[in-house]
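Content type PDB, C-alpha atoms and all ligand atoms, from the file input.pdb:
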```pdb
ATOM      1  CA  MET A1297       5.345  18.147  29.689
ATOM      2  CA  VAL A1298       1.815  18.822  30.979
ATOM      3  CA  ARG A1299      -0.443  19.976  28.176
ATOM      4  CA  THR A1300      -3.748  21.767  28.800
ATOM      5  CA  LEU A1301      -6.296  19.066  29.489
ATOM      6  CA  ILE A1302      -9.510  18.782  27.510
ATOM      7  CA  ALA A1303     -13.001  17.673  28.523
ATOM      8  CA  ALA A1304     -15.015  17.424  25.307
ATOM      9  CA  GLY A1305     -18.671  16.421  25.125
ATOM     10  CA  ASN A1306     -19.951  14.712  21.998
ATOM     11  CA  TRP A1307     -23.718  14.904  22.195
ATOM     12  CA  LYS A1308     -24.240  12.764  19.073
ATOM     13  CA  MET A1309     -27.891  12.889  17.912
ATOM     14  CA  TYR A1310     -29.284  14.098  21.223
ATOM     15  CA  LYS A1311     -30.986  17.343  22.301
ATOM     16  CA  THR A1312     -33.323  19.721  20.545
ATOM     17  CA  VAL A1313     -32.510  23.428  20.464
ATOM     18  CA  GLN A1314     -34.652  23.950  23.530
ATOM     19  CA  GLU A1315     -32.932  21.169  25.453
ATOM     20  CA  ALA A1316     -29.510  22.441  24.395
ATOM     21  CA  SER A1317     -30.310  25.936  25.669
ATOM     22  CA  ALA A1318     -31.506  24.600  29.012
ATOM     23  CA  TYR A1319     -28.306  22.564  29.281
ATOM     24  CA  ALA A1320     -26.142  25.609  28.533
ATOM     25  CA  GLU A1321     -27.825  27.584  31.275
ATOM     26  CA  ALA A1322     -27.372  24.794  33.807
ATOM     27  CA  PHE A1323     -23.777  24.062  32.811
ATOM     28  CA  LEU A1324     -22.620  27.680  32.645
ATOM     29  CA  SER A1325     -23.994  28.374  36.103
ATOM     30  CA  ARG A1326     -21.525  25.770  37.366
ATOM     31  CA  VAL A1327     -18.611  26.806  35.129
ATOM     32  CA  GLY A1328     -18.593  30.513  35.950
ATOM     33  CA  ASN A1329     -15.107  31.726  35.090
ATOM     34  CA  PHE A1330     -13.360  28.397  35.401
ATOM     35  CA  GLN A1331     -10.703  28.023  32.693
ATOM     36  CA  GLU A1332      -8.168  25.533  33.994
ATOM     37  CA  VAL A1333      -9.558  22.735  31.851
ATOM     38  CA  GLU A1334     -10.440  23.302  28.199
ATOM     39  CA  MET A1335     -14.153  22.524  27.876
ATOM     40  CA  ILE A1336     -15.687  21.792  24.496
ATOM     41  CA  ILE A1337     -19.301  20.980  23.645
ATOM     42  CA  CYS A1338     -20.171  19.378  20.304
ATOM     43  CA  PRO A1339     -23.970  19.459  19.862
ATOM     44  CA  PRO A1340     -25.961  18.457  16.760
ATOM     45  CA  PHE A1341     -25.764  20.995  13.909
ATOM     46  CA  THR A1342     -29.245  22.368  14.641
ATOM     47  CA  ALA A1343     -28.243  23.453  18.152
ATOM     48  CA  LEU A1344     -25.017  25.193  17.054
ATOM     49  CA  PRO A1345     -26.546  28.677  16.529
ATOM     50  CA  ALA A1346     -28.219  28.727  19.962
ATOM     51  CA  LEU A1347     -25.106  27.443  21.721
ATOM     52  CA  SER A1348     -22.890  29.800  19.761
ATOM     53  CA  GLN A1349     -24.855  32.594  21.389
ATOM     54  CA  SER A1350     -25.119  31.237  24.890
ATOM     55  CA  LEU A1351     -21.466  30.136  25.113
ATOM     56  CA  SER A1352     -20.072  33.297  23.522
ATOM     57  CA  HIS A1353     -19.115  35.004  26.792
ATOM     58  CA  SER A1354     -18.078  31.834  28.539
ATOM     59  CA  PRO A1355     -14.861  29.797  28.585
ATOM     60  CA  VAL A1356     -16.703  26.835  27.021
ATOM     61  CA  LYS A1357     -15.789  26.235  23.388
ATOM     62  CA  LEU A1358     -18.027  25.030  20.615
ATOM     63  CA  GLY A1359     -17.396  22.138  18.246
ATOM     64  CA  ALA A1360     -19.272  20.316  15.498
ATOM     65  CA  GLN A1361     -19.524  16.569  15.072
ATOM     66  CA  ASN A1362     -18.716  16.352  11.372
ATOM     67  CA  MET A1363     -18.390  18.417   8.201
ATOM     68  CA  HIS A1364     -17.812  18.054   4.476
ATOM     69  CA  TRP A1365     -14.417  18.954   3.042
ATOM     70  CA  GLU A1366     -15.749  21.178   0.249
ATOM     71  CA  VAL A1367     -16.559  24.845   0.814
ATOM     72  CA  LYS A1368     -19.842  24.736  -1.075
ATOM     73  CA  GLY A1369     -21.596  22.757  -3.765
ATOM     74  CA  ALA A1370     -24.289  20.252  -4.603
ATOM     75  CA  PHE A1371     -23.832  17.985  -1.582
ATOM     76  CA  THR A1372     -27.339  17.448  -0.223
ATOM     77  CA  GLY A1373     -27.435  17.048   3.528
ATOM     78  CA  GLU A1374     -23.845  18.146   4.122
ATOM     79  CA  ILE A1375     -22.391  21.066   6.109
ATOM     80  CA  ALA A1376     -19.392  23.110   4.954
ATOM     81  CA  PRO A1377     -16.456  24.322   7.097
ATOM     82  CA  SER A1378     -17.348  27.948   6.313
ATOM     83  CA  MET A1379     -20.785  27.353   7.883
ATOM     84  CA  LEU A1380     -19.169  26.109  11.083
ATOM     85  CA  LYS A1381     -16.785  29.055  11.186
ATOM     86  CA  GLU A1382     -19.693  31.446  10.814
ATOM     87  CA  LEU A1383     -21.171  29.934  13.983
ATOM     88  CA  ARG A1384     -17.853  30.389  15.825
ATOM     89  CA  CYS A1385     -17.074  26.696  16.065
ATOM     90  CA  GLN A1386     -13.461  26.166  17.036
ATOM     91  CA  TYR A1387     -13.374  22.380  16.896
ATOM     92  CA  VAL A1388     -14.794  19.670  14.687
ATOM     93  CA  ILE A1389     -14.909  15.952  15.427
ATOM     94  CA  LEU A1390     -13.788  14.012  12.353
ATOM     95  CA  GLY A1391     -13.757  10.292  11.654
ATOM     96  CA  HIS A1392     -15.823   9.301  14.664
ATOM     97  CA  SER A1393     -16.320   5.534  14.676
ATOM     98  CA  GLU A1394     -20.073   5.974  14.156
ATOM     99  CA  ARG A1395     -19.298   7.887  10.960
ATOM    100  CA  ARG A1396     -16.770   5.271   9.868
ATOM    101  CA  HIS A1397     -18.876   2.218  10.685
ATOM    102  CA  ILE A1398     -22.517   3.276  10.237
ATOM    103  CA  PHE A1399     -22.012   5.776   7.418
ATOM    104  CA  ARG A1400     -19.041   4.038   5.801
ATOM    105  CA  GLU A1401     -16.697   7.016   5.856
ATOM    106  CA  THR A1402     -13.252   6.030   4.659
ATOM    107  CA  SER A1403      -9.924   7.119   6.094
ATOM    108  CA  GLU A1404      -9.217   8.928   2.802
ATOM    109  CA  GLU A1405     -12.386  10.992   3.217
ATOM    110  CA  VAL A1406     -11.514  11.713   6.821
ATOM    111  CA  GLY A1407      -8.083  12.873   5.647
ATOM    112  CA  LYS A1408      -9.677  15.343   3.228
ATOM    113  CA  LYS A1409     -11.846  16.661   6.043
ATOM    114  CA  VAL A1410      -8.855  17.127   8.333
ATOM    115  CA  GLN A1411      -7.033  19.050   5.620
ATOM    116  CA  SER A1412     -10.087  21.223   4.997
ATOM    117  CA  ALA A1413     -10.579  21.870   8.723
ATOM    118  CA  PHE A1414      -7.024  23.197   8.985
ATOM    119  CA  ALA A1415      -7.547  25.381   5.930
ATOM    120  CA  TRP A1416     -10.492  26.941   7.792
ATOM    121  CA  ASP A1417      -8.725  27.256  11.121
ATOM    122  CA  LEU A1418     -10.935  24.670  12.746
ATOM    123  CA  CYS A1419      -9.141  22.296  15.120
ATOM    124  CA  PRO A1420      -9.913  18.735  14.132
ATOM    125  CA  ILE A1421     -10.553  16.133  16.805
ATOM    126  CA  LEU A1422      -9.512  13.143  14.747
ATOM    127  CA  CYS A1423     -10.982   9.902  16.109
ATOM    128  CA  VAL A1424      -9.265   6.566  15.700
ATOM    129  CA  GLY A1425      -9.960   3.169  17.225
ATOM    130  CA  GLU A1426     -10.339  -0.526  16.633
ATOM    131  CA  THR A1427     -13.378  -2.814  16.853
ATOM    132  CA  LEU A1428     -13.496  -5.732  19.292
ATOM    133  CA  GLU A1429     -12.858  -8.183  16.492
ATOM    134  CA  GLU A1430      -9.821  -6.236  15.337
ATOM    135  CA  ARG A1431      -8.463  -6.116  18.881
ATOM    136  CA  GLU A1432      -8.999  -9.833  19.366
ATOM    137  CA  ASN A1433      -7.184 -10.484  16.095
ATOM    138  CA  GLY A1434      -4.213  -8.452  17.307
ATOM    139  CA  ALA A1435      -4.835  -5.791  14.641
ATOM    140  CA  THR A1436      -5.265  -2.784  16.945
ATOM    141  CA  ASN A1437      -2.036  -1.027  15.997
ATOM    142  CA  GLN A1438      -2.471  -1.710  12.299
ATOM    143  CA  ILE A1439      -6.005  -0.231  12.264
ATOM    144  CA  VAL A1440      -5.083   2.769  14.375
ATOM    145  CA  GLU A1441      -2.022   3.458  12.233
ATOM    146  CA  GLU A1442      -4.051   3.341   9.009
ATOM    147  CA  GLN A1443      -6.709   5.708  10.379
ATOM    148  CA  LEU A1444      -4.120   8.027  11.849
ATOM    149  CA  LEU A1445      -1.716   8.299   8.933
ATOM    150  CA  LYS A1446      -4.419   8.658   6.278
ATOM    151  CA  GLY A1447      -6.154  11.146   8.540
ATOM    152  CA  ILE A1448      -3.114  13.399   8.767
ATOM    153  CA  GLU A1449      -1.685  12.748   5.323
ATOM    154  CA  SER A1450      -1.958  16.390   4.237
ATOM    155  CA  LEU A1451      -1.404  18.035   7.588
ATOM    156  CA  PRO A1452       0.138  21.531   7.249
ATOM    157  CA  PRO A1453       3.234  21.346   9.532
ATOM    158  CA  GLU A1454       2.765  24.884  10.866
ATOM    159  CA  LYS A1455      -0.671  24.001  12.245
ATOM    160  CA  ALA A1456       0.049  20.452  13.376
ATOM    161  CA  HIS A1457       0.284  21.472  17.043
ATOM    162  CA  THR A1458      -3.443  22.313  17.087
ATOM    163  CA  LEU A1459      -4.427  18.803  16.054
ATOM    164  CA  VAL A1460      -6.284  16.761  18.672
ATOM    165  CA  ILE A1461      -6.489  12.979  18.419
ATOM    166  CA  ALA A1462      -9.126  10.940  20.236
ATOM    167  CA  TYR A1463      -8.406   7.273  20.786
ATOM    168  CA  GLU A1464     -11.830   5.663  21.026
ATOM    169  CA  PRO A1465     -11.891   1.872  20.958
ATOM    170  CA  VAL A1466     -15.188   1.006  19.267
ATOM    171  CA  TRP A1467     -15.959  -1.728  21.796
ATOM    172  CA  ALA A1468     -15.844   0.802  24.630
ATOM    173  CA  ILE A1469     -18.237   3.321  23.055
ATOM    174  CA  GLY A1470     -21.671   3.380  24.636
ATOM    175  CA  THR A1471     -21.145  -0.033  26.218
ATOM    176  CA  GLY A1472     -20.357   0.970  29.786
ATOM    177  CA  LYS A1473     -17.161  -1.052  29.371
ATOM    178  CA  ALA A1474     -14.336   1.475  29.264
ATOM    179  CA  ALA A1475     -10.822   0.418  28.322
ATOM    180  CA  THR A1476      -8.428   0.213  31.239
ATOM    181  CA  PRO A1477      -6.213   3.291  31.568
ATOM    182  CA  HIS A1478      -3.275   0.959  30.954
ATOM    183  CA  ASP A1479      -4.717  -0.319  27.650
ATOM    184  CA  ALA A1480      -5.545   3.234  26.585
ATOM    185  CA  GLU A1481      -2.008   4.377  27.386
ATOM    186  CA  GLU A1482      -0.518   1.551  25.373
ATOM    187  CA  VAL A1483      -2.344   2.584  22.191
ATOM    188  CA  ILE A1484      -1.798   6.272  22.888
ATOM    189  CA  ALA A1485       1.955   5.643  23.203
ATOM    190  CA  PHE A1486       1.824   3.929  19.813
ATOM    191  CA  ILE A1487      -0.078   6.901  18.341
ATOM    192  CA  ARG A1488       2.532   9.287  19.724
ATOM    193  CA  GLN A1489       5.314   7.175  18.288
ATOM    194  CA  LYS A1490       3.714   7.224  14.811
ATOM    195  CA  LEU A1491       3.065  10.964  15.045
ATOM    196  CA  GLY A1492       6.689  11.438  16.057
ATOM    197  CA  GLU A1493       7.945   9.578  13.008
ATOM    198  CA  LYS A1494       5.912  11.862  10.769
ATOM    199  CA  LEU A1495       6.083  15.207  12.527
ATOM    200  CA  GLY A1496       9.156  15.083  14.734
ATOM    201  CA  GLN A1497       9.401  14.699  18.486
ATOM    202  CA  GLU A1498       9.164  18.384  19.357
ATOM    203  CA  MET A1499       5.819  18.766  17.567
ATOM    204  CA  VAL A1500       4.410  15.588  19.044
ATOM    205  CA  GLU A1501       4.920  16.876  22.556
ATOM    206  CA  LYS A1502       2.378  19.611  21.784
ATOM    207  CA  ILE A1503      -0.348  17.419  20.292
ATOM    208  CA  ARG A1504      -3.102  16.397  22.654
ATOM    209  CA  ILE A1505      -4.401  12.854  22.637
ATOM    210  CA  LEU A1506      -7.710  12.088  24.340
ATOM    211  CA  TYR A1507      -9.337   8.865  25.448
ATOM    212  CA  GLY A1508     -13.015   8.213  24.672
ATOM    213  CA  GLY A1509     -15.375   5.326  25.418
ATOM    214  CA  SER A1510     -17.682   5.019  28.441
ATOM    215  CA  VAL A1511     -15.991   7.837  30.342
ATOM    216  CA  THR A1512     -17.862   8.745  33.537
ATOM    217  CA  PRO A1513     -17.335  11.078  36.496
ATOM    218  CA  GLU A1514     -16.202   7.970  38.392
ATOM    219  CA  ASN A1515     -13.514   6.724  35.999
ATOM    220  CA  VAL A1516     -12.258   9.920  34.325
ATOM    221  CA  PHE A1517      -9.605  10.689  36.952
ATOM    222  CA  ASP A1518      -7.779   7.400  36.377
ATOM    223  CA  PHE A1519      -7.472   8.192  32.683
ATOM    224  CA  VAL A1520      -6.449  11.808  32.742
ATOM    225  CA  VAL A1521      -3.989  11.453  35.598
ATOM    226  CA  ARG A1522      -1.826   9.346  33.273
ATOM    227  CA  PRO A1523       0.979  11.414  31.752
ATOM    228  CA  SER A1524       0.152  10.517  28.139
ATOM    229  CA  ILE A1525      -3.626  11.119  28.287
ATOM    230  CA  ASP A1526      -4.567  14.750  27.726
ATOM    231  CA  GLY A1527      -8.282  14.571  28.345
ATOM    232  CA  THR A1528     -11.429  12.775  27.299
ATOM    233  CA  LEU A1529     -14.091  12.750  24.597
ATOM    234  CA  VAL A1530     -17.305  11.955  26.397
ATOM    235  CA  GLY A1531     -20.578  10.745  24.905
ATOM    236  CA  GLY A1532     -23.413   9.676  27.223
ATOM    237  CA  ALA A1533     -22.101  11.266  30.420
ATOM    238  CA  SER A1534     -21.760  14.655  28.721
ATOM    239  CA  LEU A1535     -25.523  14.867  28.164
ATOM    240  CA  ASP A1536     -26.128  15.709  31.800
ATOM    241  CA  PRO A1537     -24.682  19.105  32.836
ATOM    242  CA  GLU A1538     -24.045  17.914  36.385
ATOM    243  CA  LYS A1539     -22.148  14.830  35.247
ATOM    244  CA  PHE A1540     -20.143  16.718  32.638
ATOM    245  CA  TRP A1541     -19.200  19.349  35.198
ATOM    246  CA  LYS A1542     -18.073  16.578  37.537
ATOM    247  CA  ILE A1543     -15.898  15.244  34.711
ATOM    248  CA  VAL A1544     -14.371  18.703  34.284
ATOM    249  CA  GLN A1545     -13.696  18.925  38.036
ATOM    250  CA  GLU A1546     -12.147  15.473  38.155
ATOM    251  CA  THR A1547      -9.967  16.415  35.197
ATOM    252  CA  TYR A1548      -8.776  19.472  37.100
ATOM    253  CA  ARG A1549      -8.054  17.339  40.174
ATOM    254  CA  ALA A1550      -5.886  15.072  38.002
ATOM    255  CA  LEU A1551      -4.088  18.047  36.497
ATOM    256  CA  GLN A1552      -2.985  19.136  39.943
ATOM    257  CA  VAL A1553      -1.211  15.858  40.652
ATOM    258  CA  LYS A1554       0.141  15.231  37.158
TER     259      LYS A1554
HETATM  260  P1  LIG B1601     -19.757   7.148  25.338
HETATM  261  O1  LIG B1601     -19.044   8.046  26.299
HETATM  262  O2  LIG B1601     -21.247   7.260  25.387
HETATM  263  O3  LIG B1601     -19.241   5.746  25.425
HETATM  264  O4  LIG B1601     -19.368   7.657  23.858
HETATM  265  C1  LIG B1601     -18.043   7.880  23.562
HETATM  266  C2  LIG B1601     -17.951   8.599  22.266
HETATM  267  O5  LIG B1601     -18.244   8.048  21.219
HETATM  268  C3  LIG B1601     -17.504   9.996  22.269
HETATM  269  O6  LIG B1601     -17.237  10.449  20.990
END
```

For the file at hand, write its structure as structure tokens.
Amino acid sequence: MVRTLIAAGNWKMYKTVQEASAYAEAFLSRVGNFQEVEMIICPPFTALPALSQSLSHSPVKLGAQNMHWEVKGAFTGEIAPSMLKELRCQYVILGHSERRHIFRETSEEVGKKVQSAFAWDLCPILCVGETLEERENGATNQIVEEQLLKGIESLPPEKAHTLVIAYEPVWAIGTGKAATPHDAEEVIAFIRQKLGEKLGQEMVEKIRILYGGSVTPENVFDFVVRPSIDGTLVGGASLDPEKFWKIVQETYRALQVK
């Protein structure tokens, strides 16, 4: 089964509102009406209102990089799902390795966020992945399984098909050292197997699993052409509209031969 492929850009803590608007103009002039690949941009919170406007009549979808699970309350510095909905976000990245490792987010917290995202009709992009040390200790599957199963513990079955998983090995993020497509497929097959045990095979066929970690216009094709890889979550290379558009085009090229 060929699922719609995704090219998602995670801008992390890059771009002011002004820079984001200039990017949108440059990127949309390339995109035009192109809809064969699902394109998602996840800017910092501050740029969401401007991008919500500029992307509103385009095929490019908007996502956030994080959120709190509560709807409102005394949570200084946090952003609620209702606030993202108001800005017409459709996706939200949850459990990114930078959140897990730098900000000490636990898999239990990520699970609460996933549940809350579904309650608000936001599609979670749930990130999982092992560190280099964990991989070298042979613990990749164990780590990925823990992050995955706690992440989807309270998944409403009727919405499970909208879940997106991103396999992002920590050692490949921002290092210029991407995993090999073969290594990525191995872990993605394991993720699909675990999802299947929980949700049933029919549902699993609908869930999209992305690869992330040093994806570039040059290497993206080799990932997304693989039957089990449904797109990419791109950091650094998504910051340049030309490069991100190239990634979208390469993804489309792969789709045609899949
Ligand atoms: P890079 O593409 O910069 O390695 O970042 C990957 C990532 O963390 C996307 O979420």

Once the PyMOL selection byres (((chain A and resi 1322) around 12) and not hetatm) is applied to the coordinates I shared, what remains selected? I want it as a CSV table (one decimal) with C-alpha atoms, keeping the file's coordinate frame.
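Writing done, so here's part.csv:
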```csv
chain,number,residue,atom,x,y,z
A,1315,GLU,CA,-32.9,21.2,25.5
A,1316,ALA,CA,-29.5,22.4,24.4
A,1317,SER,CA,-30.3,25.9,25.7
A,1318,ALA,CA,-31.5,24.6,29.0
A,1319,TYR,CA,-28.3,22.6,29.3
A,1320,ALA,CA,-26.1,25.6,28.5
A,1321,GLU,CA,-27.8,27.6,31.3
A,1323,PHE,CA,-23.8,24.1,32.8
A,1324,LEU,CA,-22.6,27.7,32.6
A,1325,SER,CA,-24.0,28.4,36.1
A,1326,ARG,CA,-21.5,25.8,37.4
A,1327,VAL,CA,-18.6,26.8,35.1
A,1328,GLY,CA,-18.6,30.5,36.0
A,1350,SER,CA,-25.1,31.2,24.9
A,1351,LEU,CA,-21.5,30.1,25.1
A,1535,LEU,CA,-25.5,14.9,28.2
A,1536,ASP,CA,-26.1,15.7,31.8
A,1537,PRO,CA,-24.7,19.1,32.8
A,1538,GLU,CA,-24.0,17.9,36.4
A,1539,LYS,CA,-22.1,14.8,35.2
A,1540,PHE,CA,-20.1,16.7,32.6
A,1541,TRP,CA,-19.2,19.3,35.2
```

Residue members of the PyMOL selection byres (((not hetatm)) within 6 of (chain B and resi 1601)) in the file shown, as a VMD selection string: chain A and resid 1306 1469 to 1470 1508 to 1511 1529 to 1532

Long-range neighbours of Leu1451 of chain A as number ranges by chain, 12 Å cut-off, only C-alpha atoms, 3 positions minimum in chain: A: 1406-1415, 1419-1420, 1422, 1444-1448, 1454-1459, 1491, 1494-1495

Result set, the PyMOL selection byres (((chain A and resi 1500) around 12) and not hetatm) on current file, as an MDAnalysis selection string: chainID A and resid 1297 1299 1453 1455:1461 1484:1499 1501:1505 1524

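Of the listed residues A:Thr1476, A:Thr1342, A:Thr1402, A:Ser1352, the one whose atoms come nearest to Ile1375 of chain A is A:Thr1342, with distances taken using only C-alpha atoms.
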
Point-to-point distance in Å for atom CA of Ile1302 of chain A and atom CA of His1364 of chain A: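 Atom CA of Ile1302 of chain A lies 24.5 Å from atom CA of His1364 of chain A.
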
Selection as number ranges by chain: residues within 9 Å of (-13.2, 8.0, 15.6), counting only C-alpha atoms: A: 1389-1396, 1421-1425, 1443, 1461-1466

For the residues in that selection, give me C-alpha atoms as a short mmCIF file (atom, residue, chain, number, x, y, z; two decimals), in the coordinates of the input.
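So the final result, stored in result-v7.cif, reads:
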```cif
data_model
loop_
_atom_site.label_atom_id
_atom_site.label_comp_id
_atom_site.auth_asym_id
_atom_site.auth_seq_id
_atom_site.Cartn_x
_atom_site.Cartn_y
_atom_site.Cartn_z
CA ILE A 1389 -14.91 15.95 15.43
CA LEU A 1390 -13.79 14.01 12.35
CA GLY A 1391 -13.76 10.29 11.65
CA HIS A 1392 -15.82 9.30 14.66
CA SER A 1393 -16.32 5.53 14.68
CA GLU A 1394 -20.07 5.97 14.16
CA ARG A 1395 -19.30 7.89 10.96
CA ARG A 1396 -16.77 5.27 9.87
CA ILE A 1421 -10.55 16.13 16.80
CA LEU A 1422 -9.51 13.14 14.75
CA CYS A 1423 -10.98 9.90 16.11
CA VAL A 1424 -9.26 6.57 15.70
CA GLY A 1425 -9.96 3.17 17.23
CA GLN A 1443 -6.71 5.71 10.38
CA ILE A 1461 -6.49 12.98 18.42
CA ALA A 1462 -9.13 10.94 20.24
CA TYR A 1463 -8.41 7.27 20.79
CA GLU A 1464 -11.83 5.66 21.03
CA PRO A 1465 -11.89 1.87 20.96
CA VAL A 1466 -15.19 1.01 19.27
#
```

Please, which residues are within 9 Å of (-17.3, 20.6, 3.6) by the file's coordinates, counting only C-alpha atoms, and could they come as a short mmCIF file (atom, residue, chain, number, x, y, z; two decimals) with C-alpha atoms, keeping the file's coordinate frame?
```
data_model
loop_
_atom_site.label_atom_id
_atom_site.label_comp_id
_atom_site.auth_asym_id
_atom_site.auth_seq_id
_atom_site.Cartn_x
_atom_site.Cartn_y
_atom_site.Cartn_z
CA ASN A 1362 -18.72 16.35 11.37
CA MET A 1363 -18.39 18.42 8.20
CA HIS A 1364 -17.81 18.05 4.48
CA TRP A 1365 -14.42 18.95 3.04
CA GLU A 1366 -15.75 21.18 0.25
CA VAL A 1367 -16.56 24.84 0.81
CA LYS A 1368 -19.84 24.74 -1.08
CA GLY A 1369 -21.60 22.76 -3.76
CA PHE A 1371 -23.83 17.98 -1.58
CA GLU A 1374 -23.84 18.15 4.12
CA ILE A 1375 -22.39 21.07 6.11
CA ALA A 1376 -19.39 23.11 4.95
CA PRO A 1377 -16.46 24.32 7.10
CA SER A 1378 -17.35 27.95 6.31
CA MET A 1379 -20.78 27.35 7.88
CA LYS A 1409 -11.85 16.66 6.04
CA SER A 1412 -10.09 21.22 5.00
CA ALA A 1413 -10.58 21.87 8.72
#
```

All residues 12 Å or closer to Ser1348 of chain A, only C-alpha atoms, same chain fewer than 5 positions away omitted, as a ChimeraX atom specification: /A:1313,1316-1317,1320,1336-1339,1341-1343,1353-1360,1380-1386

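The space between atom CA of Val1333 of chain A and atom CA of Met1309 of chain A spans 25.0 Å.
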
Of the listed residues A:Leu1428, A:Ala1303, A:Val1440, A:Ala1346, that which approaches Thr1512 of chain A most closely, counting all atoms listed in the file: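 Residue with the minimum atom-to-atom distance to Thr1512 of chain A: A:Ala1303.
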